[in-house]
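Below is one structure, written out as structure tokens, with a few remarks after it.
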Amino acid sequence: MANAYIVDAVRTAGGRRNGRLSQVHPSDLGAIVINALLDRTGIDPNVVDDVIMGCVSQIGPQTFNLGRATILASRLPDSVPGVTVDRQCGSGQQAIHFAAQAVMSGTQDVVIAGGIENMSMTPIGSPMAIAEKAGMISPFASKEISARYPGCSFSQFDGAEKMAEKYGVTRDELDDFAYQSHMKGARAFDNGYFKNEIIPMEVTVEGKQVLHAEDEGLRRNATLQAIKDLKPLREGGVITAGNASQICDGSAAVLVVSEKALKQYGLKPLARIHAMAVVGSDPTMVLEGPIPATQKIFAQTGLSIKDMDIYEVNEAFGSVPLAWAKAVGADVSKLNVNGGAQALGHPLGATGAKLMGTLAYELRRRGGRYGLLTICEGLGTANATIIENMDR
Ligand SMILES: CC(C)(COP(=O)(O)OP(=O)(O)OC[C@H]1O[C@@H](n2cnc3c(N)ncnc32)[C@H](O)[C@@H]1OP(=O)(O)O)[C@@H](O)C(=O)NCCC(=O)NCCS
């Protein structure tokens with residue numbers, strides 16, 4: 001089969017809810033990463049075949065095909081098309097899969113794939129909440145869905161608790177993992193590990209221009225005790241604001257090209273997309289998909305967890321990666337080695353492309369071969385990707 005390569009991967013540093021990026025229009029957030037890819041790779045903007053952007057809350061500033069709108073805000077010519085995909089929290093990863101599949105099928109050679117989410121401007125759940133106010137019914141009001149899953153609200157918070165319960169993940173384990181997320185993130189910044197992926201931005205804070213180059217949610221002074229002291233979101237539960245992913249504003253994108261484009265444009269690959277899988281899982285568990293997605297991608301490739309040098313499993317809630325690690329026999333020391341969404345934030349539609357960049361650059365830094373990315377997604381789906389480092 002033809003190969004698809006990642007040439008470069010970039011992201012903005014995450015902004016906290018109502019923080020540094022909260023006033024940056026989502027199209028402009030997307031343009032920042034698109035322009036950075038053009039600048040860094042030197043690719044001629046006219047040869048970009050398509051732009052595929054993930055976005056979850058497609059309402060207000062994020063509606064009307066954000067993937068296309070962000071092109072109009074960028075240096076790309078308006079002859080480049082664009083599309084927006086919603087695979088919930090894995091939207092950015094799905095965008096990369098679609099790009100890779102286009103390239104592997106021979107229909108396109110140069111595709112930008114990524115994601116955008118300004119969660120301050122377009123809060124999570126706002127498409128449903130605003131529609132409800134306008135008198136529209138919920139997607140779950142379907143007669144057939146209600147009959148098939150009686151009484152289920154498909155809430156990710158319920159799902160997070162269920163994952164902890166089913167896989168025996170304790171509050172202590174969750175809190176320790178959340179604390180480590182901050183510590184690993186701080187170490188990664190101190191050692192410059194994120195330098196390759198983060199595009200520093202000038203932002204205005206209280207009337208002053210500052211350089212935004214570090215994820216704003218990161219708590220360098222986090223303590224395990226403070227995390228342990230947080231009240232659970234649900235009476236009797238184990239999930240807290242500390243061991244859940246943070247609301248975040250941000251964008252991320254990768255340049256995906258064919259072998260032909262590599263040669264034609266003299267590009268150097270960072271990674272090769274070795275395999276892709278996507279599954280549906282029990283929607284009442286909501287967040288369990290990464291486990292069957294990982295099993296499927298291993299069955300597909302003949303590789304095993306032992307062949308993976310590192311893995312990124314989105315910290316939507318700490319119970320997801322910890323349950324995943326137990327179920328697939330993963331080594332927790334190779335899991336989210338530079339921290340995750342509990343410390344650095346989870347800008348929904350952007351997270352897949354953000355984590356892909358983190359995975360690819362860390363794999364290269366370590367001189368490893370294979371890395372795995374998997375993300376849980378609303379309503380019970382999950383994507384998994386295995387990439388191979390091309391710079392060993
Ligand atoms: C969990 C959630 C509801 C918390 O939202 P929030 O209450 O606005 O979060 P905050 O950051 O204000 O944190 C709440 C409190 O916990 C504290 N806190 C959070 N993380 C902490 C940490 N690591 N250490 C110490 N204190 C912490 C905050 O300081 C704050 O304290 P305060 O009330 O005294 O100011 C929100 O982050 C969320 O919805 N996350 C999940 C998003 C999601 O569903 N994504 C999709 C995944 S499937």
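Here's how to read the names in the structure tokens: chain A, B, ... by the order shown, residue numbers from 1 in each chain, ligand numbers from 1 in the order shown.
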Problem set entry | Long-range neighbours of A:Val51 as a PyMOL selection string, 7 Å cut-off, only C-alpha atoms, 5 positions minimum in chain | chain A and resi 67+81-83+111-113
For those residues, write N, CA and C atoms to a file as a PDB file, in the first residue's frame.
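New file result-v6.pdb:
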```
ATOM      1  N   GLY A  67     -13.287  24.580   8.640  1.00  0.00           N
ATOM      2  CA  GLY A  67     -12.115  24.141   7.863  1.00  0.00           C
ATOM      3  C   GLY A  67     -11.904  25.025   6.649  1.00  0.00           C
ATOM      4  N   PRO A  81      -9.550  24.031  -1.059  1.00  0.00           N
ATOM      5  CA  PRO A  81     -10.811  23.736  -0.372  1.00  0.00           C
ATOM      6  C   PRO A  81     -10.572  23.377   1.103  1.00  0.00           C
ATOM      7  N   GLY A  82     -11.654  23.292   1.840  1.00  0.00           N
ATOM      8  CA  GLY A  82     -11.513  22.919   3.254  1.00  0.00           C
ATOM      9  C   GLY A  82     -12.773  22.258   3.747  1.00  0.00           C
ATOM     10  N   VAL A  83     -12.630  21.418   4.765  1.00  0.00           N
ATOM     11  CA  VAL A  83     -13.780  20.705   5.307  1.00  0.00           C
ATOM     12  C   VAL A  83     -13.618  20.560   6.817  1.00  0.00           C
ATOM     13  N   VAL A 111      -1.935  17.404   1.984  1.00  0.00           N
ATOM     14  CA  VAL A 111      -3.142  17.746   2.746  1.00  0.00           C
ATOM     15  C   VAL A 111      -2.728  18.280   4.124  1.00  0.00           C
ATOM     16  N   ILE A 112      -3.364  19.367   4.518  1.00  0.00           N
ATOM     17  CA  ILE A 112      -3.176  19.864   5.883  1.00  0.00           C
ATOM     18  C   ILE A 112      -4.346  19.333   6.710  1.00  0.00           C
ATOM     19  N   ALA A 113      -4.019  18.693   7.839  1.00  0.00           N
ATOM     20  CA  ALA A 113      -5.071  18.141   8.705  1.00  0.00           C
ATOM     21  C   ALA A 113      -4.823  18.612  10.127  1.00  0.00           C
TER      22      ALA A 113
END
```
For this session: Return as a count of residues only the full set of residues in stretch 180-227 of chain A whose backbone-based DSSP assignment is strand (DSSP E).
Result: 10
Using only C-alpha atoms and all ligand atoms, which residues of the polymer chains come no farther than 6 Å from ligand 1? I'd like the answer as a PDB file with N, CA and C atoms, in the first residue's frame.
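Here's the written file out.pdb:
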```pdb
ATOM      1  N   GLN A 156     -20.228  12.277  29.410  1.00  0.00           N
ATOM      2  CA  GLN A 156     -18.821  11.882  29.550  1.00  0.00           C
ATOM      3  C   GLN A 156     -18.419  11.800  31.022  1.00  0.00           C
ATOM      4  N   ALA A 222       1.792  22.702  41.284  1.00  0.00           N
ATOM      5  CA  ALA A 222       0.773  21.714  41.710  1.00  0.00           C
ATOM      6  C   ALA A 222       1.330  20.868  42.860  1.00  0.00           C
ATOM      7  N   ALA A 226      -3.061  19.059  47.273  1.00  0.00           N
ATOM      8  CA  ALA A 226      -4.137  19.950  46.793  1.00  0.00           C
ATOM      9  C   ALA A 226      -5.059  19.201  45.840  1.00  0.00           C
ATOM     10  N   ILE A 227      -4.497  18.328  45.038  1.00  0.00           N
ATOM     11  CA  ILE A 227      -5.322  17.540  44.091  1.00  0.00           C
ATOM     12  C   ILE A 227      -6.192  16.541  44.868  1.00  0.00           C
ATOM     13  N   ALA A 241     -12.113  18.171  39.411  1.00  0.00           N
ATOM     14  CA  ALA A 241     -11.566  19.132  38.437  1.00  0.00           C
ATOM     15  C   ALA A 241     -10.075  18.880  38.214  1.00  0.00           C
ATOM     16  N   GLY A 242      -9.413  18.272  39.193  1.00  0.00           N
ATOM     17  CA  GLY A 242      -7.967  18.020  39.075  1.00  0.00           C
ATOM     18  C   GLY A 242      -7.623  16.845  38.189  1.00  0.00           C
ATOM     19  N   ALA A 244      -9.650  15.657  35.762  1.00  0.00           N
ATOM     20  CA  ALA A 244     -10.365  15.774  34.477  1.00  0.00           C
ATOM     21  C   ALA A 244      -9.513  16.638  33.555  1.00  0.00           C
ATOM     22  N   SER A 245      -9.771  16.559  32.266  1.00  0.00           N
ATOM     23  CA  SER A 245      -9.061  17.440  31.329  1.00  0.00           C
ATOM     24  C   SER A 245      -9.544  18.864  31.516  1.00  0.00           C
ATOM     25  N   GLN A 246      -8.664  19.806  31.213  1.00  0.00           N
ATOM     26  CA  GLN A 246      -9.020  21.223  31.363  1.00  0.00           C
ATOM     27  C   GLN A 246      -9.678  21.770  30.099  1.00  0.00           C
ATOM     28  N   ILE A 247     -10.633  22.647  30.310  1.00  0.00           N
ATOM     29  CA  ILE A 247     -11.221  23.427  29.213  1.00  0.00           C
ATOM     30  C   ILE A 247     -10.081  24.237  28.593  1.00  0.00           C
ATOM     31  N   ALA A 316      -8.759  12.716  28.736  1.00  0.00           N
ATOM     32  CA  ALA A 316     -10.090  13.336  28.808  1.00  0.00           C
ATOM     33  C   ALA A 316     -10.499  13.372  30.272  1.00  0.00           C
TER      34      ALA A 316
END
```
For this session: Go through stretch 95-329 of chain A and collect every residue that DSSP, computed from the backbone, puts in alpha helix (DSSP H); the answer should be as an MDAnalysis selection string.
Result: chainID A and resid 95:105 126:133 143:148 156:167 171:190 224:228 259:264 290:301 319:328
For this session: Would you mind listing what lies within 9 Å of A:Ser153 as a PyMOL selection string, with only C-alpha atoms counted and same-chain residues fewer than 4 positions away left out?
Result: chain A and resi 140+149+158+284
I need the residues from that last selection saved to file as a compact mmCIF listing (two decimals), in the first residue's frame (with C-alpha atoms), if you can.
```txt
# COMPACT_ATOMS: atom_id res chain seq x y z
CA PHE A 140 -30.90 11.88 22.13
CA TYR A 149 -30.55 2.94 25.55
CA ASP A 158 -20.81 9.35 33.92
CA THR A 284 -23.31 3.95 27.62
```
For this session: Give the answer as one residue: which of A:Phe189, A:Phe98, A:Phe177, A:Tyr265 has the shortest atom-to-atom distance to A:Gly318, using only C-alpha atoms?
Result: A:Phe177
Contacts of A:Gly15 at 10 Å or less, counting only C-alpha atoms, minus same-chain residues fewer than 6 places along, as a PDB file with N, CA and C atoms, in the first residue's frame?
```
ATOM      1  N   LEU A  21      -6.164  33.082  25.006  1.00  0.00           N
ATOM      2  CA  LEU A  21      -6.618  32.900  23.618  1.00  0.00           C
ATOM      3  C   LEU A  21      -8.122  33.087  23.470  1.00  0.00           C
ATOM      4  N   SER A  22      -8.772  33.419  24.566  1.00  0.00           N
ATOM      5  CA  SER A  22     -10.242  33.391  24.549  1.00  0.00           C
ATOM      6  C   SER A  22     -10.855  34.359  23.542  1.00  0.00           C
ATOM      7  N   ASN A 118     -12.099  26.862  20.195  1.00  0.00           N
ATOM      8  CA  ASN A 118     -12.036  27.921  21.195  1.00  0.00           C
ATOM      9  C   ASN A 118     -13.187  27.652  22.159  1.00  0.00           C
ATOM     10  N   MET A 119     -12.868  26.949  23.250  1.00  0.00           N
ATOM     11  CA  MET A 119     -13.900  26.497  24.185  1.00  0.00           C
ATOM     12  C   MET A 119     -14.409  27.646  25.064  1.00  0.00           C
ATOM     13  N   SER A 120     -13.641  28.749  25.104  1.00  0.00           N
ATOM     14  CA  SER A 120     -14.140  29.920  25.837  1.00  0.00           C
ATOM     15  C   SER A 120     -15.242  30.584  25.033  1.00  0.00           C
ATOM     16  N   HIS A 212       2.865  34.121  24.169  1.00  0.00           N
ATOM     17  CA  HIS A 212       2.154  32.930  24.669  1.00  0.00           C
ATOM     18  C   HIS A 212       2.832  31.694  24.060  1.00  0.00           C
ATOM     19  N   ALA A 213       3.631  31.017  24.865  1.00  0.00           N
ATOM     20  CA  ALA A 213       4.384  29.879  24.337  1.00  0.00           C
ATOM     21  C   ALA A 213       4.330  28.684  25.282  1.00  0.00           C
ATOM     22  N   GLU A 214       3.589  28.823  26.391  1.00  0.00           N
ATOM     23  CA  GLU A 214       3.469  27.707  27.341  1.00  0.00           C
ATOM     24  C   GLU A 214       1.993  27.475  27.636  1.00  0.00           C
ATOM     25  N   ASP A 215       1.584  26.218  27.717  1.00  0.00           N
ATOM     26  CA  ASP A 215       0.184  25.906  27.998  1.00  0.00           C
ATOM     27  C   ASP A 215      -0.221  26.579  29.304  1.00  0.00           C
ATOM     28  N   GLU A 216      -1.292  27.356  29.208  1.00  0.00           N
ATOM     29  CA  GLU A 216      -1.676  28.217  30.331  1.00  0.00           C
ATOM     30  C   GLU A 216      -2.240  27.436  31.517  1.00  0.00           C
ATOM     31  N   GLY A 217      -2.751  26.231  31.245  1.00  0.00           N
ATOM     32  CA  GLY A 217      -3.350  25.442  32.318  1.00  0.00           C
ATOM     33  C   GLY A 217      -2.328  24.750  33.210  1.00  0.00           C
ATOM     34  N   LEU A 218      -1.091  24.690  32.735  1.00  0.00           N
ATOM     35  CA  LEU A 218      -0.046  23.977  33.490  1.00  0.00           C
ATOM     36  C   LEU A 218       0.162  24.627  34.856  1.00  0.00           C
ATOM     37  N   GLN A 246      -8.664  19.806  31.213  1.00  0.00           N
ATOM     38  CA  GLN A 246      -9.020  21.223  31.363  1.00  0.00           C
ATOM     39  C   GLN A 246      -9.678  21.770  30.099  1.00  0.00           C
ATOM     40  N   ILE A 247     -10.633  22.647  30.310  1.00  0.00           N
ATOM     41  CA  ILE A 247     -11.221  23.427  29.213  1.00  0.00           C
ATOM     42  C   ILE A 247     -10.081  24.237  28.593  1.00  0.00           C
ATOM     43  N   CYS A 248     -10.006  24.282  27.279  1.00  0.00           N
ATOM     44  CA  CYS A 248      -8.805  24.857  26.644  1.00  0.00           C
ATOM     45  C   CYS A 248      -9.132  25.445  25.275  1.00  0.00           C
ATOM     46  N   ASP A 249      -8.446  26.508  24.919  1.00  0.00           N
ATOM     47  CA  ASP A 249      -8.562  27.099  23.587  1.00  0.00           C
ATOM     48  C   ASP A 249      -7.262  26.796  22.838  1.00  0.00           C
ATOM     49  N   GLY A 250      -7.386  26.386  21.579  1.00  0.00           N
ATOM     50  CA  GLY A 250      -6.152  26.120  20.837  1.00  0.00           C
ATOM     51  C   GLY A 250      -6.400  25.524  19.475  1.00  0.00           C
ATOM     52  N   LEU A 344      -2.280  20.171  30.508  1.00  0.00           N
ATOM     53  CA  LEU A 344      -2.016  21.047  29.356  1.00  0.00           C
ATOM     54  C   LEU A 344      -3.291  21.469  28.640  1.00  0.00           C
ATOM     55  N   GLY A 345      -4.409  20.837  29.003  1.00  0.00           N
ATOM     56  CA  GLY A 345      -5.691  21.205  28.401  1.00  0.00           C
ATOM     57  C   GLY A 345      -6.077  20.302  27.239  1.00  0.00           C
ATOM     58  N   HIS A 346      -7.374  20.332  26.940  1.00  0.00           N
ATOM     59  CA  HIS A 346      -7.951  19.477  25.895  1.00  0.00           C
ATOM     60  C   HIS A 346      -8.856  20.342  25.010  1.00  0.00           C
ATOM     61  N   PRO A 347      -8.249  20.999  24.015  1.00  0.00           N
ATOM     62  CA  PRO A 347      -9.054  21.828  23.105  1.00  0.00           C
ATOM     63  C   PRO A 347      -9.767  20.925  22.093  1.00  0.00           C
TER      64      PRO A 347
END
```
Tell me, as a PDB file with C-alpha atoms, in the first residue's frame, which residues lie within 12 Å of A:Pro139, counting only C-alpha atoms; anything in the same chain fewer than 4 positions away does not count.
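Result file follows (part_20.pdb):
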```
ATOM      1  CA  GLY A 125     -22.265  21.529  24.972  1.00  0.00           C
ATOM      2  CA  PRO A 127     -24.749  23.570  20.330  1.00  0.00           C
ATOM      3  CA  MET A 128     -27.196  21.523  22.408  1.00  0.00           C
ATOM      4  CA  ALA A 129     -27.838  24.139  25.091  1.00  0.00           C
ATOM      5  CA  ALA A 131     -30.608  24.796  20.356  1.00  0.00           C
ATOM      6  CA  GLU A 132     -32.684  23.748  23.349  1.00  0.00           C
ATOM      7  CA  LYS A 143     -37.485   7.517  19.798  1.00  0.00           C
ATOM      8  CA  GLU A 144     -35.269   4.698  18.605  1.00  0.00           C
ATOM      9  CA  ILE A 145     -32.204   5.752  20.614  1.00  0.00           C
ATOM     10  CA  SER A 146     -34.288   6.195  23.791  1.00  0.00           C
ATOM     11  CA  SER A 153     -27.723  10.637  28.898  1.00  0.00           C
ATOM     12  CA  PHE A 154     -24.405   9.599  27.236  1.00  0.00           C
ATOM     13  CA  LEU A 379     -21.104   8.587  22.011  1.00  0.00           C
TER      14      LEU A 379
END
```
For this session: For A:Ser79, work out the shell of residues within 10 Å, counting only C-alpha atoms and skipping chain neighbours fewer than 4 positions away, then give it as a ChimeraX atom specification.
Result: /A:45-50,71-72
Okay, now the selection with N, CA and C atoms, as a CSV table (one decimal), in the first residue's frame?
```
chain,number,residue,atom,x,y,z
A,45,PRO,N,2.0,27.1,-1.2
A,45,PRO,CA,0.5,27.1,-0.8
A,45,PRO,C,-0.4,26.6,-1.9
A,46,ASN,N,0.0,26.9,-3.2
A,46,ASN,CA,-0.8,26.5,-4.3
A,46,ASN,C,-0.9,25.0,-4.5
A,47,VAL,N,0.0,24.2,-3.9
A,47,VAL,CA,-0.1,22.8,-4.2
A,47,VAL,C,-0.8,22.0,-3.0
A,48,VAL,N,-1.4,22.8,-2.1
A,48,VAL,CA,-2.1,22.1,-1.0
A,48,VAL,C,-3.5,21.7,-1.6
A,49,ASP,N,-3.7,20.3,-1.5
A,49,ASP,CA,-5.0,19.8,-2.2
A,49,ASP,C,-6.2,20.0,-1.3
A,50,ASP,N,-6.0,20.0,0.0
A,50,ASP,CA,-7.2,20.1,0.9
A,50,ASP,C,-6.8,20.5,2.3
A,71,ILE,N,-9.1,28.8,6.0
A,71,ILE,CA,-8.3,29.0,4.8
A,71,ILE,C,-8.4,30.5,4.5
A,72,LEU,N,-9.6,31.0,4.5
A,72,LEU,CA,-9.8,32.4,4.1
A,72,LEU,C,-9.0,33.4,5.1
```
Problem set entry | Nearby residues (only C-alpha atoms) at most 12 Å from A:Lys162, same-chain spacing under 6 positions excluded, as a PyMOL selection string | chain A and resi 154-156+168-170+237-239+282-288+317+319-320+323
Grab the residues selected above and save them as a tab-separated table (two decimals), in the first residue's frame with C-alpha atoms.
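Here's the written file again-v4.tsv:
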```tsv
chain	number	residue	atom	x	y	z
A	154	PHE	CA	-24.41	9.60	27.24
A	155	SER	CA	-22.62	11.96	29.64
A	156	GLN	CA	-18.82	11.88	29.55
A	168	GLY	CA	-10.64	-0.69	39.30
A	169	VAL	CA	-8.92	2.70	39.01
A	170	THR	CA	-8.81	4.29	42.47
A	237	GLY	CA	-17.44	9.69	42.77
A	238	VAL	CA	-13.70	9.80	42.06
A	239	ILE	CA	-13.57	12.37	39.24
A	282	ASP	CA	-20.61	0.77	24.11
A	283	PRO	CA	-22.05	4.32	24.05
A	284	THR	CA	-23.31	3.95	27.62
A	285	MET	CA	-19.68	3.57	28.77
A	286	VAL	CA	-18.90	6.52	26.45
A	287	LEU	CA	-15.10	6.52	26.88
A	288	GLU	CA	-14.06	2.85	26.55
A	317	PHE	CA	-10.36	12.08	32.36
A	319	SER	CA	-9.62	7.15	34.35
A	320	VAL	CA	-9.44	6.67	30.55
A	323	ALA	CA	-8.09	1.92	32.53
```
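Nearest residue to A:Thr240 among A:Glu259, A:Leu174, A:His182, A:Asp44 is A:Leu174, counting only C-alpha atoms.
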